[in-house]
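**Student:** So here's upload-v7.cif (mmCIF, C-alpha atoms and all ligand atoms).
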data_start
#
loop_
_atom_site.label_atom_id
_atom_site.label_comp_id
_atom_site.auth_asym_id
_atom_site.auth_seq_id
_atom_site.Cartn_x
_atom_site.Cartn_y
_atom_site.Cartn_z
CA MET A 136 88.00 81.02 186.49
CA THR A 137 84.60 79.54 187.39
CA THR A 138 82.51 78.56 184.34
CA ASP A 139 79.12 80.27 183.94
CA TRP A 140 76.86 77.32 183.00
CA PHE A 141 73.80 79.59 183.01
CA ALA A 142 74.96 82.09 180.36
CA GLY A 143 73.08 82.91 177.17
CA ALA A 144 70.11 80.73 176.20
CA VAL A 145 70.06 78.93 179.58
CA ALA A 146 69.38 82.26 181.33
CA GLU A 147 66.89 83.38 178.69
CA ARG A 148 64.85 80.17 179.07
CA TYR A 149 65.34 79.67 182.82
CA ASP A 150 62.04 81.12 184.07
CA ALA A 151 59.99 79.31 181.41
CA ASP A 152 61.81 76.04 182.17
CA THR A 153 61.13 76.30 185.93
CA THR A 154 57.48 77.39 185.97
CA GLY A 155 56.41 74.01 187.40
CA ARG A 156 58.45 74.53 190.56
CA PRO A 157 56.34 75.86 193.47
CA VAL A 158 57.35 79.25 194.88
CA GLU A 159 54.73 80.09 197.54
CA PRO A 160 55.75 77.29 200.01
CA VAL A 161 59.35 78.52 199.78
CA LEU A 162 58.28 82.09 200.57
CA ASP A 163 56.05 80.91 203.45
CA PHE A 164 59.03 79.08 204.96
CA LEU A 165 61.59 81.87 204.48
CA GLU A 166 59.58 85.00 205.30
CA PRO A 167 59.29 84.43 209.09
CA LEU A 168 63.11 84.08 209.28
CA ALA A 169 63.77 87.24 207.26
CA GLY A 170 62.75 90.02 209.65
CA GLY A 171 66.33 91.33 209.64
CA GLY A 172 66.69 91.04 205.87
CA ALA A 173 67.53 88.14 203.55
CA LEU A 174 70.50 87.38 201.32
CA GLU A 175 70.05 84.82 198.53
CA LEU A 176 73.23 83.10 197.41
CA ALA A 177 72.94 82.09 193.71
CA VAL A 178 69.95 84.40 193.33
CA GLY A 179 69.66 83.74 189.60
CA THR A 180 66.69 85.35 187.86
CA GLY A 181 65.05 86.23 191.18
CA ARG A 182 62.55 83.34 191.01
CA ILE A 183 62.41 83.46 194.85
CA ALA A 184 64.02 86.83 195.66
CA VAL A 185 61.58 88.97 193.63
CA PRO A 186 58.35 87.64 195.22
CA LEU A 187 60.03 87.58 198.67
CA ALA A 188 60.88 91.29 198.25
CA ALA A 189 57.26 91.87 197.16
CA ARG A 190 56.22 90.57 200.60
CA GLY A 191 58.13 93.50 202.15
CA VAL A 192 61.40 91.69 202.97
CA ARG A 193 64.72 93.51 202.41
CA VAL A 194 66.43 91.14 199.94
CA ALA A 195 69.92 91.15 198.41
CA GLY A 196 71.61 88.61 196.18
CA ILE A 197 74.87 87.20 194.87
CA ASP A 198 75.23 85.31 191.59
CA LEU A 199 78.02 84.34 189.24
CA SER A 200 76.00 84.77 186.06
CA ALA A 201 75.50 88.27 184.66
CA ASP A 202 72.98 86.82 182.19
CA MET A 203 70.84 85.31 184.97
CA VAL A 204 70.94 88.61 186.88
CA ALA A 205 69.95 90.47 183.69
CA GLN A 206 66.74 88.41 183.76
CA LEU A 207 66.21 89.41 187.40
CA ARG A 208 66.71 93.06 186.42
CA ARG A 209 63.80 92.79 183.96
CA LYS A 210 61.56 92.07 186.97
CA SER A 211 63.14 94.27 189.68
CA GLY A 212 65.47 97.24 189.61
CA THR A 213 65.71 97.55 193.37
CA ILE A 214 67.19 94.28 194.69
CA PRO A 215 70.95 94.82 195.17
CA VAL A 216 72.89 92.00 193.49
CA ALA A 217 76.64 91.43 193.46
CA ILE A 218 77.95 89.54 190.44
CA GLY A 219 80.54 87.05 191.68
CA ASP A 220 81.35 83.67 193.15
CA MET A 221 79.31 82.93 196.27
CA THR A 222 82.31 81.25 197.88
CA THR A 223 83.92 84.67 198.45
CA THR A 224 81.76 87.55 197.17
CA ARG A 225 80.45 89.92 199.86
CA VAL A 226 77.54 92.36 199.87
CA ASP A 227 77.01 95.27 202.25
CA GLY A 228 75.20 94.74 205.51
CA THR A 229 74.14 91.78 207.64
CA PHE A 230 71.00 89.64 207.50
CA SER A 231 68.87 87.44 209.75
CA LEU A 232 68.54 84.96 206.86
CA VAL A 233 70.88 83.69 204.16
CA TYR A 234 69.39 81.09 201.83
CA LEU A 235 70.61 78.89 198.97
CA VAL A 236 67.92 76.87 197.21
CA PHE A 237 67.21 74.58 194.25
CA ASN A 238 70.40 72.47 194.66
CA SER A 239 72.65 75.46 193.98
CA ILE A 240 75.23 74.49 196.64
CA LEU A 241 76.04 71.62 194.25
CA ASN A 242 77.10 74.09 191.54
CA VAL A 243 80.20 74.62 193.68
CA THR A 244 82.14 71.58 192.52
CA THR A 245 84.85 71.25 195.19
CA GLN A 246 84.68 70.47 198.91
CA ASP A 247 86.84 73.52 199.67
CA GLY A 248 84.44 75.70 197.68
CA GLN A 249 81.39 74.35 199.50
CA ILE A 250 83.10 74.91 202.88
CA ALA A 251 83.89 78.50 201.78
CA THR A 252 80.23 78.99 200.78
CA PHE A 253 79.13 78.10 204.32
CA ALA A 254 81.77 80.47 205.75
CA ASN A 255 80.57 83.25 203.43
CA ALA A 256 76.96 82.66 204.47
CA ALA A 257 77.97 82.88 208.14
CA ALA A 258 79.91 86.10 207.49
CA HIS A 259 76.68 87.79 206.33
CA LEU A 260 74.54 86.60 209.28
CA VAL A 261 73.78 88.33 212.56
CA PRO A 262 74.27 86.11 215.64
CA GLY A 263 71.23 83.84 215.84
CA GLY A 264 70.64 84.26 212.10
CA ARG A 265 69.70 81.28 209.96
CA PHE A 266 71.24 79.68 206.86
CA VAL A 267 68.65 77.71 204.85
CA VAL A 268 69.71 75.25 202.15
CA GLU A 269 67.45 73.21 199.83
CA VAL A 270 69.33 70.37 198.16
CA GLY A 271 68.95 66.82 196.90
CA VAL A 272 70.46 63.80 198.64
CA PRO A 273 73.08 62.11 196.43
CA PRO A 274 71.50 59.43 194.22
CA GLU A 275 71.73 55.77 195.24
CA ASN A 276 72.71 54.58 191.75
CA PRO A 277 75.39 55.56 189.24
CA ARG A 278 72.63 56.40 186.71
CA SER A 279 69.16 57.71 187.57
CA VAL A 280 66.32 59.37 185.68
CA PHE A 281 65.09 62.57 187.38
CA ALA A 282 62.80 63.87 184.64
CA LEU A 283 60.82 62.10 181.94
CA SER A 284 58.23 63.87 179.80
CA ASP A 285 57.52 64.32 176.11
CA THR A 286 59.81 67.37 176.02
CA HIS A 287 62.37 66.84 178.80
CA THR A 288 64.47 63.88 179.85
CA GLY A 289 66.87 64.28 182.77
CA ILE A 290 69.53 61.73 183.69
CA ASP A 291 71.99 61.99 186.58
CA GLU A 292 75.40 60.34 186.31
CA PHE A 293 76.98 59.93 189.75
CA ASP A 294 80.36 58.73 191.01
CA ALA A 295 80.04 58.06 194.75
CA ASP A 296 83.83 57.91 195.07
CA THR A 297 84.54 61.48 193.92
CA GLN A 298 80.99 62.79 194.60
CA ARG A 299 81.02 64.14 191.04
CA LEU A 300 77.51 64.36 189.62
CA VAL A 301 76.63 65.32 186.06
CA SER A 302 73.02 66.18 185.24
CA HIS A 303 72.21 65.59 181.60
CA HIS A 304 69.17 67.46 180.29
CA PHE A 305 67.69 66.57 176.90
CA ARG A 306 65.00 69.06 175.84
CA LEU A 307 62.84 69.11 172.73
CA ARG A 308 62.85 72.66 171.36
CA ASP A 309 61.33 73.69 168.05
CA GLY A 310 61.32 70.08 166.84
CA SER A 311 64.90 69.14 167.73
CA TRP A 312 66.52 67.72 170.86
CA GLU A 313 69.11 69.85 172.69
CA ARG A 314 71.52 68.50 175.30
CA LEU A 315 72.93 70.33 178.33
CA SER A 316 75.27 68.46 180.70
CA MET A 317 76.07 70.36 183.90
CA PRO A 318 78.66 69.33 186.55
CA PHE A 319 77.95 69.30 190.30
CA ARG A 320 79.47 68.07 193.55
CA ALA A 321 76.86 65.98 195.38
CA VAL A 322 77.00 66.11 199.15
CA TRP A 323 75.29 64.15 201.95
CA PRO A 324 73.55 65.93 204.84
CA ALA A 325 76.18 64.89 207.42
CA GLU A 326 78.95 66.57 205.42
CA LEU A 327 76.87 69.74 205.16
CA ASP A 328 76.39 69.68 208.95
CA LEU A 329 80.16 69.52 209.37
CA MET A 330 80.65 72.45 206.94
CA ALA A 331 78.13 74.39 209.02
CA ARG A 332 79.98 73.58 212.25
CA LEU A 333 83.26 74.74 210.70
CA ALA A 334 81.48 78.06 209.97
CA GLY A 335 80.17 78.39 213.55
CA MET A 336 76.63 77.17 212.84
CA GLU A 337 74.48 74.40 214.34
CA LEU A 338 71.66 72.40 212.75
CA ARG A 339 68.22 73.50 213.98
CA GLU A 340 65.78 71.90 211.49
CA ARG A 341 65.87 69.37 208.66
CA TRP A 342 62.77 68.62 206.59
CA ALA A 343 62.06 66.66 203.41
CA GLY A 344 60.43 69.72 201.81
CA TRP A 345 59.20 73.26 202.23
CA GLY A 346 55.94 72.01 203.82
CA ARG A 347 57.99 70.64 206.76
CA GLU A 348 57.44 67.02 205.70
CA PRO A 349 59.50 64.63 207.91
CA PHE A 350 63.01 63.91 206.60
CA THR A 351 63.72 60.16 206.55
CA ALA A 352 66.33 57.73 205.22
CA THR A 353 64.36 57.53 201.96
CA SER A 354 63.92 61.28 201.38
CA GLY A 355 65.32 62.45 198.06
CA SER A 356 66.04 66.00 199.17
CA HIS A 357 66.01 68.21 202.23
CA VAL A 358 65.51 71.71 203.49
CA SER A 359 68.00 72.32 206.30
CA VAL A 360 68.27 75.25 208.69
CA TRP A 361 71.48 76.08 210.57
CA GLU A 362 71.82 78.83 213.18
CA LEU A 363 74.88 81.04 213.63
CA VAL A 364 75.71 80.59 217.32
C1 LIG B 1 69.51 76.40 189.57
S1 LIG B 1 69.91 78.11 189.49
C2 LIG B 1 69.04 78.70 190.90
C3 LIG B 1 68.66 80.15 190.83
C4 LIG B 1 67.69 80.61 191.91
N1 LIG B 1 68.28 80.45 193.22
C5 LIG B 1 66.40 79.83 191.84
O1 LIG B 1 66.04 79.18 192.82
O2 LIG B 1 65.75 79.88 190.81
C6 LIG B 1 71.60 78.10 190.00
C7 LIG B 1 72.22 79.48 190.08
O3 LIG B 1 73.50 79.35 190.71
C8 LIG B 1 74.37 80.27 190.14
N2 LIG B 1 75.73 79.86 190.48
C9 LIG B 1 76.37 78.72 190.09
N3 LIG B 1 77.60 78.67 190.64
C10 LIG B 1 77.74 79.80 191.38
C11 LIG B 1 78.78 80.32 192.21
N4 LIG B 1 79.92 79.65 192.38
N5 LIG B 1 78.57 81.51 192.80
C12 LIG B 1 77.41 82.20 192.64
N6 LIG B 1 76.40 81.75 191.88
C13 LIG B 1 76.55 80.56 191.27
C14 LIG B 1 74.03 80.21 188.66
O4 LIG B 1 74.52 81.32 187.95
C15 LIG B 1 72.51 80.15 188.73
O5 LIG B 1 71.93 81.42 188.70
#
Just give me the structure of the file as structure tokens.
Ligand SMILES: C[S@@+](CC[C@H](N)C(=O)[O-])C[C@H]1O[C@@H](n2cnc3c(N)ncnc32)[C@H](O)[C@@H]1O
**Tutor:**
Amino acid sequence: MTTDWFAGAVAERYDADTTGRPVEPVLDFLEPLAGGGALELAVGTGRIAVPLAARGVRVAGIDLSADMVAQLRRKSGTIPVAIGDMTTTRVDGTFSLVYLVFNSILNVTTQDGQIATFANAAAHLVPGGRFVVEVGVPPENPRSVFALSDTHTGIDEFDADTQRLVSHHFRLRDGSWERLSMPFRAVWPAELDLMARLAGMELRERWAGWGREPFTATSGSHVSVWELV
């Protein structure tokens, strides 16, 4: 059974912990692709899905965590969400856009599972539909600091051999430090392109961010768009 790393307090605090992350540039990028409806894999609390639906887009979601979806339900009662693993879970209908943001492809910790996620995305798309993924490039070093403030320290531990990545979060809450260590499978862009090809999709765009900044060898993350051909 797949572990729900976002259960309980993680889900309750998720929106407060992610307020610094911009939403509008994500919506501006996704909305023009979503004329035939949008499906968010790993929809979570609806950080993106709820304001995208408010722009008039038909949005559906899939997420493993009932607690994360309970937070979404506090904001919207109308977005259909299937609770389940995005590697296999289906929702009704087809979409012109499937999207998977904020590194969530990495929550699937096996290569087979990530391949299945691409296949599941393709199975929900109309021909010509787009699959959009936002994800970090694997770190260059075995240890790297990705967050450092008075209340949050984030350290990635990475094994380039197995592609296993563990993100350690240390947060100061009510005067004491709490630790959360979450496992991921890091993946380079070229491997994602191959997963897309296996699912019948071709790369159309790759940017360093939602503002269509150029993607280069030194970019730390990317927004990639594949088309179902
Ligand atoms: C970082 S959150 C992102 C949530 C939302 N997409 C956002 O941008 O705020 C990762 C989400 O992935 C979900 N998740 C992790 N593994 C999953 C899986 N195998 N299938 C479906 N959802 C999964 C978690 O429950 C969580 O809601």
**Student:** Within 6 Å of ligand LIG 1 (chain B) (counting only C-alpha atoms and all ligand atoms), which residues show up? I'd like them as a VMD selection string.
**Tutor:** chain A and resid 141 177 to 179 182 to 183 198 to 200 203 219 to 221 236 to 237 239 242 to 243
**Student:** May I have the protein, DNA and RNA residues with any atom at most 12 Å from the point (65.8, 66.6, 199.4), counting only C-alpha atoms, written as a ChimeraX atom specification?
**Tutor:** /A:236-238,268-274,321-324,341-345,347-359
**Student:** Could you tell me how far CA of Ser316 (chain A) sits from CA of Ala295 (chain A), in Å to one decimal place?
**Tutor:**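 Calculated distance between CA of Ala295 (chain A) and CA of Ser316 (chain A) is 18.1 Å.
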**Student:** Give the centre and edge lengths of an axis-aligned box, in Å to one decimal, that holds all listed atoms of region 313-331 of chain A with 8 Å on each side, as lines of an AutoDock Vina configuration file.
**Tutor:**
center_x = 74.9
center_y = 69.3
center_z = 191.0
size_x = 27.5
size_y = 26.2
size_z = 52.7
**Student:** What gap, in Å, lies between CA of Glu275 (chain A) and CA of Phe293 (chain A)?
**Tutor:**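 Atom-to-atom, CA of Glu275 (chain A) to CA of Phe293 (chain A), that is 8.7 Å.
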**Student:** Find the residues of region 180-216 of chain A that sit at most 12 Å from region 248-260 of chain A; for each, write down the nearest two atoms and how far apart they are in Å, to one decimal. Count all atoms listed in the file. Sort by chain, then by number going up, and give it as JSON lines.
**Tutor:**
{"residue": "A:Ala195", "atom": "CA", "partner": "A:His259", "partner_atom": "CA", "distance": 10.9}
{"residue": "A:Gly196", "atom": "CA", "partner": "A:His259", "partner_atom": "CA", "distance": 11.4}
{"residue": "A:Ile197", "atom": "CA", "partner": "A:Ala256", "partner_atom": "CA", "distance": 10.8}
**Student:** So which residues are close to (66.7, 62.1, 185.6), meaning at most 12 Å away in the file's coordinates with all atoms listed in the file counted, and can you show them as a list of chain:residue names?
**Tutor:**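 Within the cut-off we find A:Pro274, A:Asn276, A:Pro277, A:Arg278, A:Ser279, A:Val280, A:Phe281, A:Ala282, A:Leu283, A:Ser284, A:His287, A:Thr288, A:Gly289, A:Ile290, A:Asp291, A:Glu292, A:Phe293, A:Leu300, A:Val301, A:Ser302, A:His303, A:His304, A:Phe305, A:Ser316.
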**Student:** Considering only C-alpha atoms, return as a PyMOL selection string whatever protein or nucleic-acid residues lie within 9 Å of region 189-192 of chain A, sequence-local ones (same chain, fewer than 6 positions apart) excluded.
**Tutor:** chain A and resi 162+166+169-173
**Student:** Would you pick out the contacts of region 262-267 of chain A at 8 Å or less, using only C-alpha atoms, so that residues sharing its chain but fewer than 4 positions from it are not included, and give the list as a list in words?
**Tutor:** Leu168, Phe230, Ser231, Leu232, Val233, Tyr234, Leu235, Val236, Ala256, Ala257, Val358, Ser359, Val360, Trp361, Glu362, Leu363 and Val364 of chain A
